[in-house]
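Content type compact mmCIF, C-alpha atoms and all ligand atoms, from the file upload_33.txt:
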```txt
# COMPACT_ATOMS: atom_id res chain seq x y z
CA MET A 21 25.15 -6.88 26.13
CA THR A 22 22.87 -9.10 28.21
CA THR A 23 21.84 -12.49 26.84
CA MET A 24 19.12 -11.91 24.29
CA LYS A 25 15.96 -13.96 24.15
CA ARG A 26 13.16 -14.27 21.64
CA PRO A 27 9.91 -12.46 22.35
CA VAL A 28 7.19 -14.89 23.46
CA ASN A 29 3.40 -14.56 23.51
CA VAL A 30 3.49 -11.42 21.40
CA ALA A 31 0.22 -10.40 19.76
CA ARG A 32 0.48 -10.72 15.97
CA ALA A 33 -1.01 -8.26 13.51
CA ALA A 34 -1.33 -10.96 10.82
CA GLY A 35 -4.89 -12.25 10.89
CA SER A 36 -6.08 -9.47 13.21
CA GLY A 37 -7.54 -7.39 10.40
CA ALA A 38 -6.07 -4.39 12.19
CA SER A 39 -2.78 -3.55 13.86
CA VAL A 40 -0.87 -4.20 17.08
CA PRO A 41 1.60 -1.87 18.79
CA ILE A 42 5.19 -3.14 19.16
CA GLU A 43 5.60 -3.29 22.92
CA CYS A 44 8.92 -5.08 23.10
CA CYS A 45 11.80 -5.52 20.66
CA GLN A 46 10.88 -7.79 17.75
CA ALA A 47 14.34 -9.34 17.89
CA CYS A 48 15.37 -9.54 21.55
CA ALA A 49 12.18 -8.85 23.60
CA HIS A 50 13.80 -5.89 25.37
CA ALA A 51 11.42 -3.23 26.72
CA PRO A 52 10.81 -0.40 26.86
CA LEU A 53 11.84 0.74 23.40
CA GLU A 54 12.81 4.39 22.84
CA ASN A 55 10.84 6.56 20.38
CA VAL A 56 13.31 8.12 17.92
CA LEU A 57 11.02 9.43 15.16
CA SER A 58 7.35 10.19 14.85
CA LEU A 59 5.85 10.88 11.43
CA GLY A 60 2.30 11.08 12.75
CA TYR A 61 -0.53 9.02 11.28
CA MET A 62 -0.17 7.62 7.77
CA PRO A 63 -2.46 5.82 5.34
CA PRO A 64 -1.34 2.38 4.11
CA VAL A 65 0.82 3.11 1.05
CA ASN A 66 -0.98 0.62 -1.18
CA GLN A 67 -4.41 1.95 -0.33
CA VAL A 68 -5.86 2.71 -3.73
CA VAL A 69 -8.86 4.93 -4.32
CA ALA A 70 -9.96 5.67 -7.87
CA ALA A 71 -9.83 9.36 -8.79
CA GLY A 72 -13.32 10.89 -8.88
CA THR A 73 -14.91 8.68 -6.21
CA PRO A 74 -16.44 10.46 -3.21
CA PRO A 75 -14.17 10.47 -0.16
CA ARG A 76 -14.98 7.74 2.35
CA GLN A 77 -13.45 6.60 5.61
CA GLN A 78 -10.01 5.06 5.44
CA PRO A 79 -7.64 3.63 8.03
CA TRP A 80 -4.62 5.64 9.17
CA PHE A 81 -1.91 4.22 11.39
CA PRO A 82 0.64 5.80 13.72
CA THR A 83 4.09 5.77 12.14
CA ASP A 84 6.89 5.84 14.69
CA LEU A 85 10.42 4.47 14.82
CA LEU A 86 11.59 2.83 18.02
CA TYR A 87 15.15 2.03 19.09
CA CYS A 88 16.17 -1.01 21.12
CA ALA A 89 19.11 -0.17 23.37
CA SER A 90 19.79 -3.87 23.96
CA CYS A 91 20.27 -5.22 20.40
CA GLU A 92 20.43 -1.87 18.49
CA LEU A 93 17.46 -2.70 16.25
CA VAL A 94 15.45 0.25 14.95
CA GLN A 95 11.90 -0.81 14.25
CA LEU A 96 8.42 0.42 13.46
CA GLY A 97 6.20 1.10 16.47
CA LEU A 98 3.22 -0.71 14.98
CA ALA A 99 2.64 -3.88 13.00
CA VAL A 100 -0.26 -3.74 10.55
CA ASP A 101 -2.04 -6.83 9.24
CA PRO A 102 -0.51 -7.75 5.85
CA VAL A 103 -4.01 -7.97 4.32
CA ILE A 104 -4.25 -4.19 4.82
CA ILE A 105 -0.71 -3.48 3.61
CA PHE A 106 -0.91 -5.79 0.59
CA PRO A 107 -4.57 -5.65 -0.48
CA PRO A 108 -5.53 -8.32 -3.04
CA GLU A 109 -6.84 -5.70 -5.49
CA TYR A 110 -3.37 -4.23 -5.68
CA PRO A 111 -1.15 -6.94 -7.11
CA TYR A 112 2.49 -6.31 -6.43
CA THR A 113 4.44 -5.85 -9.62
CA SER A 114 8.15 -6.32 -9.30
CA GLY A 115 9.13 -3.37 -11.51
CA THR A 116 12.60 -4.83 -11.64
CA THR A 117 14.91 -2.01 -12.66
CA ARG A 118 18.31 -2.28 -14.29
CA LEU A 119 19.91 -1.33 -10.99
CA LEU A 120 18.19 -4.29 -9.29
CA ARG A 121 19.06 -6.70 -12.09
CA ASP A 122 22.71 -5.57 -12.04
CA ASN A 123 22.75 -5.96 -8.28
CA PHE A 124 21.46 -9.53 -8.44
CA ALA A 125 24.00 -10.40 -11.13
CA ASP A 126 26.66 -8.96 -8.81
CA LEU A 127 25.36 -11.00 -5.86
CA TYR A 128 25.60 -14.12 -7.99
CA SER A 129 29.22 -13.49 -9.09
CA GLU A 130 30.29 -12.60 -5.57
CA ALA A 131 28.61 -15.67 -4.03
CA ARG A 132 29.91 -18.04 -6.71
CA ALA A 133 33.49 -16.84 -6.25
CA MET A 134 33.41 -16.72 -2.45
CA LEU A 135 31.58 -20.01 -1.88
CA ALA A 136 33.04 -22.01 -4.81
CA LEU A 137 29.58 -23.22 -5.80
CA SER A 138 29.27 -26.50 -7.70
CA GLU A 139 26.52 -27.85 -9.93
CA ARG A 140 25.20 -30.08 -7.14
CA ASP A 141 24.51 -27.08 -4.93
CA LEU A 142 20.94 -26.06 -4.21
CA VAL A 143 20.11 -22.34 -4.02
CA ILE A 144 16.77 -21.27 -2.51
CA ASP A 145 15.43 -17.71 -2.69
CA ILE A 146 12.78 -16.64 -0.21
CA GLY A 147 10.44 -14.00 -1.61
CA SER A 148 11.78 -14.91 -5.05
CA ASN A 149 9.42 -12.53 -6.88
CA ASP A 150 9.77 -12.88 -10.66
CA GLY A 151 12.85 -15.12 -10.39
CA THR A 152 15.40 -12.49 -11.45
CA LEU A 153 17.94 -13.42 -8.77
CA LEU A 154 17.62 -17.18 -9.24
CA THR A 155 17.99 -16.91 -13.02
CA SER A 156 21.68 -16.04 -12.55
CA PHE A 157 22.28 -19.09 -10.34
CA LYS A 158 20.29 -21.31 -12.71
CA ASN A 159 22.30 -20.11 -15.70
CA GLY A 160 25.43 -20.76 -13.63
CA GLY A 161 24.42 -24.43 -13.32
CA GLN A 162 23.13 -24.55 -9.74
CA ARG A 163 19.86 -26.21 -8.78
CA THR A 164 17.38 -23.49 -7.81
CA LEU A 165 14.04 -23.15 -6.08
CA GLY A 166 12.05 -19.98 -5.46
CA ILE A 167 9.49 -19.56 -2.68
CA GLU A 168 7.03 -16.79 -3.43
CA PRO A 169 3.50 -16.40 -2.03
CA THR A 170 2.08 -14.07 -4.70
CA ASP A 171 1.09 -14.63 -8.32
CA VAL A 172 4.35 -12.98 -9.39
CA GLY A 173 5.82 -16.46 -8.79
CA LYS A 174 3.97 -17.60 -11.92
CA ILE A 175 6.11 -15.22 -14.00
CA ALA A 176 9.22 -16.91 -12.59
CA ALA A 177 7.78 -20.37 -13.26
CA ALA A 178 6.98 -19.35 -16.85
CA ARG A 179 10.64 -18.35 -17.23
CA GLY A 180 11.70 -21.81 -16.14
CA VAL A 181 12.61 -20.92 -12.54
CA ALA A 182 10.95 -23.58 -10.33
CA THR A 183 8.82 -21.70 -7.81
CA LEU A 184 6.76 -22.86 -4.88
CA GLN A 185 3.82 -20.50 -4.41
CA ARG A 186 3.58 -20.52 -0.59
CA TYR A 187 4.22 -18.26 2.37
CA PHE A 188 7.57 -19.21 3.85
CA THR A 189 7.21 -20.90 7.26
CA PRO A 190 9.29 -23.47 9.20
CA GLN A 191 6.75 -26.10 8.04
CA VAL A 192 7.31 -25.18 4.38
CA ALA A 193 11.07 -25.29 5.04
CA GLU A 194 10.80 -28.86 6.36
CA GLU A 195 8.75 -29.95 3.35
CA VAL A 196 11.23 -28.35 0.96
CA ARG A 197 14.21 -29.98 2.67
CA ARG A 198 12.51 -33.40 2.56
CA ALA A 199 11.82 -32.98 -1.15
CA HIS A 200 15.05 -31.32 -2.30
CA GLY A 201 17.69 -31.94 0.38
CA PRO A 202 19.76 -29.31 2.20
CA ALA A 203 20.50 -25.95 0.59
CA ARG A 204 24.01 -24.62 0.07
CA VAL A 205 22.70 -21.06 -0.22
CA VAL A 206 19.50 -19.42 1.00
CA THR A 207 18.86 -15.85 -0.11
CA ALA A 208 16.33 -13.26 1.07
CA ALA A 209 16.46 -9.89 -0.66
CA ASN A 210 14.29 -7.15 0.79
CA CYS A 211 11.74 -9.39 2.47
CA PHE A 212 13.81 -9.78 5.61
CA ALA A 213 12.57 -6.46 6.97
CA HIS A 214 8.92 -7.10 6.09
CA ILE A 215 7.90 -10.37 7.70
CA GLU A 216 6.34 -10.04 11.12
CA ASP A 217 7.61 -13.14 12.91
CA ILE A 218 11.28 -12.83 12.01
CA HIS A 219 12.39 -15.62 14.34
CA SER A 220 10.28 -18.29 12.66
CA ILE A 221 11.66 -17.15 9.29
CA ILE A 222 15.20 -17.70 10.57
CA ASP A 223 14.13 -21.06 12.06
CA GLY A 224 12.94 -22.00 8.58
CA ILE A 225 16.18 -20.83 6.98
CA LEU A 226 18.14 -22.98 9.44
CA TYR A 227 16.06 -26.03 8.49
CA LEU A 228 16.95 -25.43 4.85
CA LEU A 229 20.67 -24.81 5.25
CA GLY A 230 23.10 -27.71 5.08
CA THR A 231 25.99 -27.75 7.60
CA ASP A 232 28.15 -25.68 5.26
CA GLY A 233 25.14 -23.63 4.08
CA VAL A 234 25.26 -19.87 3.76
CA PHE A 235 22.45 -17.38 4.24
CA ILE A 236 22.66 -14.17 2.19
CA SER A 237 20.31 -11.29 2.91
CA GLU A 238 19.90 -7.83 1.46
CA SER A 239 18.12 -5.11 3.40
CA HIS A 240 17.74 -1.37 3.31
CA TYR A 241 20.56 -0.03 5.48
CA LEU A 242 19.71 2.02 8.58
CA ILE A 243 22.91 4.06 8.59
CA GLY A 244 22.42 5.09 4.95
CA LEU A 245 18.79 5.89 5.69
CA ILE A 246 19.87 8.24 8.48
CA GLU A 247 22.75 9.80 6.53
CA ARG A 248 20.67 10.55 3.42
CA LEU A 249 17.57 11.50 5.41
CA GLN A 250 15.48 8.82 3.74
CA TYR A 251 12.71 8.99 6.30
CA ASP A 252 10.32 8.56 3.38
CA THR A 253 11.23 4.85 3.28
CA VAL A 254 9.54 4.52 6.66
CA TYR A 255 6.14 2.96 6.07
CA HIS A 256 4.19 0.02 7.38
CA GLU A 257 5.63 -2.60 5.04
CA HIS A 258 9.03 -2.06 6.65
CA LEU A 259 8.91 -3.39 10.16
CA ARG A 260 12.67 -3.33 10.80
CA TYR A 261 15.56 -1.04 9.76
CA TYR A 262 18.80 -2.98 10.12
CA SER A 263 22.28 -1.85 10.93
CA LEU A 264 24.90 -4.56 10.53
CA ARG A 265 25.13 -4.78 14.30
CA SER A 266 21.40 -5.31 14.88
CA LEU A 267 21.24 -7.87 12.07
CA ALA A 268 24.31 -9.72 13.39
CA ASN A 269 22.77 -9.77 16.88
CA LEU A 270 19.54 -11.21 15.53
CA LEU A 271 21.28 -13.93 13.51
CA GLN A 272 23.56 -14.73 16.43
CA MET A 273 20.51 -15.63 18.51
CA HIS A 274 20.09 -18.54 16.06
CA GLY A 275 23.74 -19.61 16.03
CA LEU A 276 24.45 -17.83 12.74
CA GLU A 277 27.58 -15.73 12.40
CA VAL A 278 28.01 -12.90 9.89
CA PHE A 279 31.25 -13.52 7.96
CA HIS A 280 30.98 -10.95 5.17
CA ALA A 281 29.04 -7.72 4.66
CA ARG A 282 28.99 -5.07 1.98
CA LEU A 283 27.12 -1.88 1.23
CA ILE A 284 25.26 -1.94 -2.10
CA PRO A 285 23.44 0.86 -3.98
CA THR A 286 19.93 -0.60 -4.31
CA HIS A 287 16.92 1.25 -2.86
CA GLY A 288 19.05 4.30 -2.10
CA GLY A 289 21.49 2.30 0.08
CA SER A 290 21.29 -1.32 1.23
CA ILE A 291 23.50 -3.87 2.96
CA ARG A 292 24.30 -7.40 1.76
CA VAL A 293 25.15 -9.78 4.58
CA TYR A 294 26.53 -13.34 4.47
CA ALA A 295 26.06 -15.61 7.47
CA ALA A 296 26.98 -19.22 8.26
CA ARG A 297 26.76 -21.50 11.28
CA ARG A 298 29.12 -20.24 13.98
CA SER A 299 32.80 -21.04 13.34
CA GLU A 300 32.05 -22.67 9.97
CA ARG A 301 33.83 -19.90 8.07
CA PRO A 302 36.52 -17.31 8.83
CA VAL A 303 35.10 -13.82 9.39
CA ASN A 304 36.23 -11.31 6.74
CA ASP A 305 37.64 -7.90 7.68
CA SER A 306 34.62 -6.33 5.95
CA VAL A 307 32.53 -7.18 9.02
CA LYS A 308 34.88 -5.53 11.50
CA THR A 309 35.27 -2.44 9.31
CA LEU A 310 31.54 -1.89 8.89
CA LEU A 311 30.79 -2.54 12.55
CA ALA A 312 33.48 -0.08 13.62
CA ALA A 313 31.83 2.62 11.50
CA GLU A 314 28.39 2.12 13.07
CA PRO A 315 27.41 4.13 16.15
CA GLN A 316 25.96 2.23 19.09
CA GLY A 317 24.49 3.00 22.50
CA ASP A 318 24.67 6.70 23.37
CA ALA A 319 26.38 7.50 20.07
CA MET A 320 23.43 5.91 18.22
CA ARG A 321 20.95 7.80 20.40
CA ALA A 322 22.71 11.07 19.56
CA ARG A 323 22.73 10.19 15.86
CA LEU A 324 19.03 9.35 15.92
CA ALA A 325 18.19 12.56 17.81
CA ALA A 326 20.03 14.57 15.13
CA PHE A 327 18.14 12.62 12.46
CA ARG A 328 14.81 13.43 14.10
CA ARG A 329 15.66 17.14 14.04
CA GLU A 330 16.88 17.02 10.43
CA VAL A 331 13.66 15.29 9.32
CA MET A 332 11.60 18.07 10.91
CA LEU A 333 13.80 20.77 9.33
CA SER A 334 13.62 19.09 5.91
CA LYS A 335 9.83 19.32 6.05
CA LEU A 336 10.00 23.06 6.79
CA ARG A 337 12.60 23.60 4.06
CA LEU A 338 10.50 21.82 1.47
CA LEU A 339 7.39 23.75 2.52
CA THR A 340 9.36 27.01 2.21
CA ALA A 341 10.48 26.12 -1.32
CA VAL A 342 6.93 25.14 -2.26
CA ARG A 343 5.45 28.29 -0.66
CA ASP A 344 7.76 30.52 -2.72
CA LEU A 345 6.67 28.72 -5.88
CA LYS A 346 2.97 28.92 -5.07
CA GLU A 347 3.16 32.62 -4.12
CA SER A 348 4.44 33.31 -7.62
CA GLY A 349 1.46 31.36 -9.05
CA ALA A 350 3.45 28.32 -10.16
CA HIS A 351 1.93 24.99 -11.11
CA ILE A 352 3.63 22.06 -9.42
CA CYS A 353 3.40 18.38 -10.20
CA GLY A 354 5.11 15.29 -8.85
CA ILE A 355 7.27 12.77 -10.69
CA SER A 356 6.57 9.10 -9.90
CA ALA A 357 4.48 7.60 -7.14
CA PRO A 358 6.60 4.96 -5.38
CA SER A 359 5.52 3.86 -1.89
CA ARG A 360 7.97 6.33 -0.37
CA ALA A 361 6.11 9.24 -2.04
CA SER A 362 3.11 8.47 0.15
CA THR A 363 5.14 9.03 3.32
CA LEU A 364 6.62 12.25 1.92
CA VAL A 365 3.39 13.92 0.79
CA ASN A 366 1.52 12.96 3.94
CA TYR A 367 4.25 13.91 6.38
CA VAL A 368 4.99 17.23 4.67
CA GLY A 369 1.31 17.94 4.04
CA LEU A 370 1.37 18.34 0.25
CA ASP A 371 -2.20 18.17 -0.95
CA ALA A 372 -4.16 18.54 -4.18
CA ASP A 373 -4.15 22.36 -3.95
CA ILE A 374 -0.35 22.34 -3.96
CA ILE A 375 0.43 19.41 -6.28
CA ASP A 376 -1.79 19.26 -9.40
CA TYR A 377 -0.98 15.62 -10.16
CA VAL A 378 1.73 13.00 -9.98
CA CYS A 379 3.09 11.46 -13.18
CA GLU A 380 3.71 7.75 -13.64
CA ILE A 381 5.05 5.93 -16.68
CA ALA A 382 2.33 4.58 -19.03
CA GLY A 383 1.16 1.15 -17.90
CA SER A 384 1.52 1.86 -14.18
CA LEU A 385 -1.35 0.45 -12.13
CA LYS A 386 -1.40 3.66 -10.12
CA ILE A 387 -2.65 5.80 -13.01
CA GLY A 388 -6.25 6.92 -12.45
CA LYS A 389 -5.89 6.46 -8.68
CA LEU A 390 -5.25 9.00 -5.93
CA MET A 391 -2.04 9.34 -3.95
CA PRO A 392 -2.75 7.59 -0.61
CA GLY A 393 -4.30 9.89 1.97
CA THR A 394 -4.73 12.77 -0.50
CA ALA A 395 -6.87 13.89 -3.44
CA ILE A 396 -3.81 14.20 -5.73
CA PRO A 397 -4.48 12.16 -8.89
CA VAL A 398 -1.86 9.98 -10.55
CA VAL A 399 -1.72 10.56 -14.32
CA GLU A 400 0.27 9.33 -17.29
CA GLU A 401 3.68 10.92 -17.70
CA SER A 402 2.80 12.44 -21.10
CA ARG A 403 0.87 15.17 -19.21
CA LEU A 404 4.20 16.56 -18.04
CA PHE A 405 5.30 17.30 -21.61
CA THR A 406 2.00 18.72 -22.85
CA ASP A 407 1.24 20.84 -19.72
CA GLN A 408 4.82 21.92 -18.97
CA PRO A 409 4.09 22.73 -15.27
CA ASP A 410 6.53 25.25 -13.75
CA CYS A 411 8.00 22.77 -11.32
CA ALA A 412 8.12 18.99 -10.93
CA ILE A 413 9.06 17.48 -7.58
CA VAL A 414 10.90 14.20 -8.08
CA PHE A 415 9.42 11.84 -5.49
CA SER A 416 11.79 9.04 -6.47
CA TRP A 417 14.59 11.44 -5.57
CA HIS A 418 17.01 8.63 -4.74
CA ILE A 419 17.34 8.13 -8.52
CA ALA A 420 16.76 11.80 -9.46
CA ASP A 421 20.11 12.20 -11.20
CA GLU A 422 19.28 9.23 -13.42
CA LEU A 423 15.71 10.43 -14.12
CA ALA A 424 16.38 14.10 -14.84
CA PRO A 425 18.26 13.67 -18.15
CA LYS A 426 15.50 11.33 -19.40
CA LEU A 427 12.79 13.89 -18.60
CA ARG A 428 14.81 16.63 -20.30
CA ALA A 429 15.38 14.44 -23.36
CA LYS A 430 11.61 13.86 -23.56
CA GLY A 431 11.08 17.64 -23.57
CA TYR A 432 10.23 18.83 -20.04
CA ARG A 433 11.44 22.43 -19.64
CA GLY A 434 10.30 23.38 -16.12
CA LYS A 435 12.18 23.27 -12.84
CA LEU A 436 13.06 19.80 -11.48
CA LEU A 437 13.20 19.72 -7.70
CA SER A 438 14.67 16.96 -5.55
CA PRO A 439 12.81 17.20 -2.20
CA LEU A 440 15.39 15.48 0.03
CA PRO A 441 17.76 15.56 1.86
CA THR A 442 17.56 19.33 1.17
CA PRO A 443 15.36 20.76 -1.61
CA ARG A 444 17.66 21.04 -4.59
CA GLU A 445 17.13 22.06 -8.20
CA ILE A 446 18.45 19.41 -10.56
ZN ZN B 1 16.30 -5.64 20.71
```
What would you get if you wrote out this structure as structure tokens?
Ligand SMILES: [Zn+2]
Amino acid sequence: MTTMKRPVNVARAAGSGASVPIECCQACAHAPLENVLSLGYMPPVNQVVAAGTPPRQQPWFPTDLLYCASCELVQLGLAVDPVIIFPPEYPYTSGTTRLLRDNFADLYSEARAMLALSERDLVIDIGSNDGTLLTSFKNGGQRTLGIEPTDVGKIAAARGVATLQRYFTPQVAEEVRRAHGPARVVTAANCFAHIEDIHSIIDGILYLLGTDGVFISESHYLIGLIERLQYDTVYHEHLRYYSLRSLANLLQMHGLEVFHARLIPTHGGSIRVYAARRSERPVNDSVKTLLAAEPQGDAMRARLAAFRREVMLSKLRLLTAVRDLKESGAHICGISAPSRASTLVNYVGLDADIIDYVCEIAGSLKIGKLMPGTAIPVVEESRLFTDQPDCAIVFSWHIADELAPKLRAKGYRGKLLSPLPTPREI
């Protein structure tokens, strides 16, 4: 691998009110990047239109995945201004599930054991959301600080988790270090793929970390995404799709060395990565084992080409299953409207004539709105049990096996269909 350098003078989407194409690798500045998947044009997943309003113009953005042959990073082909992706009228609610809570409790136990944390140690969580992760460290006796730009930070503060409501920048990192001293642990769970200028985020993390400090990140895992055909997790919030190798290369550019990595079950398959300043800690075998299992170079290209073909075939298979149902006069609805459902319905072309409505649990902010890019309304889940449609497609299929028994227990008698990786009756 050639020496990698940071991209300079790159146009930023943030503040543009629009989008900018990714013309060189976000991590290492290599160009040209290779197109490995094209899902066509997609609406922003948080674009909310109330059901019953007349259709009006809406932005759609190209949705492509690009591969960097230099640092192995797979990335979105376009960066969209965060004001479009996270509109103020659509407050992000954490929706912390048991799986996520269990995962954070697991992260805490693992980190405490591996790093022998003491009560003097400061733990900082970037993108701390409602404070769920930090609560474990706080209960364990560590000093904690959350950094969270949205109002969700107020929930954390109300729970007693000190939270700074700011966007994380190197400047904020300097202020925090002046006020609180160096951090023993900095965590970033699931925001590490979202933030446009990744290098300044890592600069900020380095400011925060003491000499023996450890950075722990969790990200959706590229290899799992490919293996389980989770192309529906490709949308504009997710700018980067990390393998361990691409993440290690990125951190290495800042003098950080990955010393432990582990696959975890959240979001349908994620990776937890520990990094410290180079040579500060021995590198665990876990790193070598995971790296050895990851394809790279031509092997990665071949894997991505197979993925591209499988994505296309999965669309045709789902359409075939849906066609058979519709020819017999069936009514079809959808179960749950996570962001990934927007990619699925728009890529496959499921519209309001095919899907009557999508059910969400009572209280969801999506109820009464339309699925992005379509005229499919989102309704309260009780409709499923009163209407008994012939088939329900589970859009949160990554947890389908957990959902199905609950829907049966509540009385749904129709067919439950998992759309991916291959349409499958549950
Ligand atoms: Zn690169």
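Around ligand ZN 1 (chain B), the neighbouring residues within 7 Å, taking all atoms listed in the file, come to Cys45, Gln46, Ala47, Cys48, Ala49, His50, Cys88, Ala89, Ser90, Cys91, Glu92 and Leu93 of chain A.
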**Q.** Among listed residues A:Pro79, A:Gly275, A:Gly35, A:Pro64, nearest Ile222 (chain A) (using all atoms listed in the file)
**A.**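 For Ile222 (chain A), the nearest of the candidates is A:Gly275.
If all atoms listed in the file are the atoms counted, then among A:Arg265, A:Leu119, A:Val205, A:Val143 the closest residue to Ile419 (chain A) is A:Leu119.
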Q | 12 Å contact set for Asn159 (chain A), all atoms listed in the file, chain neighbours under 3 positions out, as a list in words | A |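 Final neighbour list, sorted by chain and number: Ala125, Tyr128, Ser129, Arg132, Glu139, Gly151, Thr152, Leu153, Leu154, Thr155, Ser156, Gln162, Arg163, Thr164, Arg179, Gly180 and Val181 of chain A.
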Q. Using all atoms listed in the file, what residues lie at most 8 Å away from (-0.5, 9.3, -13.5) (file coordinates), given as an NGL selection string?
A. :A and (356 or 377-382 or 384 or 386-389 or 397-401)
(Q) Quick check, in Å to one decimal: how far apart do CA of Lys430 (chain A) and CA of Ser416 (chain A) lie? (A)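 Pair CA of Lys430 (chain A) / CA of Ser416 (chain A) returns 17.8 Å.
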Could you name the residues that touch Ile375 (chain A) at 10 Å or less, counting only C-alpha atoms, but leaving out those on the same chain fewer than 2 positions away, as a PDB file with C-alpha atoms, keeping the file's coordinate frame?
```
ATOM      1  CA  VAL A 342       6.930  25.140  -2.260  1.00  0.00           C
ATOM      2  CA  LYS A 346       2.970  28.920  -5.070  1.00  0.00           C
ATOM      3  CA  HIS A 351       1.930  24.990 -11.110  1.00  0.00           C
ATOM      4  CA  ILE A 352       3.630  22.060  -9.420  1.00  0.00           C
ATOM      5  CA  CYS A 353       3.400  18.380 -10.200  1.00  0.00           C
ATOM      6  CA  GLY A 354       5.110  15.290  -8.850  1.00  0.00           C
ATOM      7  CA  VAL A 365       3.390  13.920   0.790  1.00  0.00           C
ATOM      8  CA  LEU A 370       1.370  18.340   0.250  1.00  0.00           C
ATOM      9  CA  ASP A 371      -2.200  18.170  -0.950  1.00  0.00           C
ATOM     10  CA  ALA A 372      -4.160  18.540  -4.180  1.00  0.00           C
ATOM     11  CA  ASP A 373      -4.150  22.360  -3.950  1.00  0.00           C
ATOM     12  CA  TYR A 377      -0.980  15.620 -10.160  1.00  0.00           C
ATOM     13  CA  VAL A 378       1.730  13.000  -9.980  1.00  0.00           C
ATOM     14  CA  ALA A 395      -6.870  13.890  -3.440  1.00  0.00           C
ATOM     15  CA  ILE A 396      -3.810  14.200  -5.730  1.00  0.00           C
ATOM     16  CA  PRO A 397      -4.480  12.160  -8.890  1.00  0.00           C
ATOM     17  CA  CYS A 411       8.000  22.770 -11.320  1.00  0.00           C
ATOM     18  CA  ALA A 412       8.120  18.990 -10.930  1.00  0.00           C
ATOM     19  CA  ILE A 413       9.060  17.480  -7.580  1.00  0.00           C
TER      20      ILE A 413
END
```
Q) What is the CA of Ala296 (chain A) to CA of Gly160 (chain A) distance in Å? A)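 So the two atoms, CA of Ala296 (chain A) and CA of Gly160 (chain A), lie 22.0 Å apart.
Nearest-residue note for Leu96 (chain A): choosing from A:Asn55, A:Thr73, A:Asn66, A:Thr394, the minimum distance belongs to A:Asn55, counting only C-alpha atoms.
CA of Ala341 (chain A) sits 7.3 Å away from CA of Pro443 (chain A).
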Q.
Restricting the calculation to only C-alpha atoms: of A:Thr189, A:Asn123, A:Gln316, A:Gln67, which residue gets closest to Ile104 (chain A)?
A. A:Gln67
Q) From the list A:Val68, A:Val254, A:Leu53, A:Ile225, which residue is nearest Pro82 (chain A) when using all atoms listed in the file? A)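 Nearest candidate to Pro82 (chain A) out of A:Val68, A:Val254, A:Leu53, A:Ile225: A:Val254.
Proximity of A:Ser359, A:Ser402, A:Ser58, A:Thr207 to Arg328 (chain A), computed with all atoms listed in the file, is greatest for A:Ser58.
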**Q.** Neighbours of point (27.7, 3.2, 15.2) within 12 Å, using only C-alpha atoms, written as a PyMOL selection string
**A.** chain A and resi 92-93+242-244+246-247+262-266+308-324
Q | Spatial neighbours of Leu276 (chain A), 7 Å, all atoms listed in the file, chain gap at least 4 places, as a ChimeraX atom specification | A | /A:271-272,295-298
Would you export the selected residues with C-alpha atoms as a PDB file, keeping the file's coordinate frame, please?
```
ATOM      1  CA  LEU A 271      21.280 -13.930  13.510  1.00  0.00           C
ATOM      2  CA  GLN A 272      23.560 -14.730  16.430  1.00  0.00           C
ATOM      3  CA  ALA A 295      26.060 -15.610   7.470  1.00  0.00           C
ATOM      4  CA  ALA A 296      26.980 -19.220   8.260  1.00  0.00           C
ATOM      5  CA  ARG A 297      26.760 -21.500  11.280  1.00  0.00           C
ATOM      6  CA  ARG A 298      29.120 -20.240  13.980  1.00  0.00           C
TER       7      ARG A 298
END
```
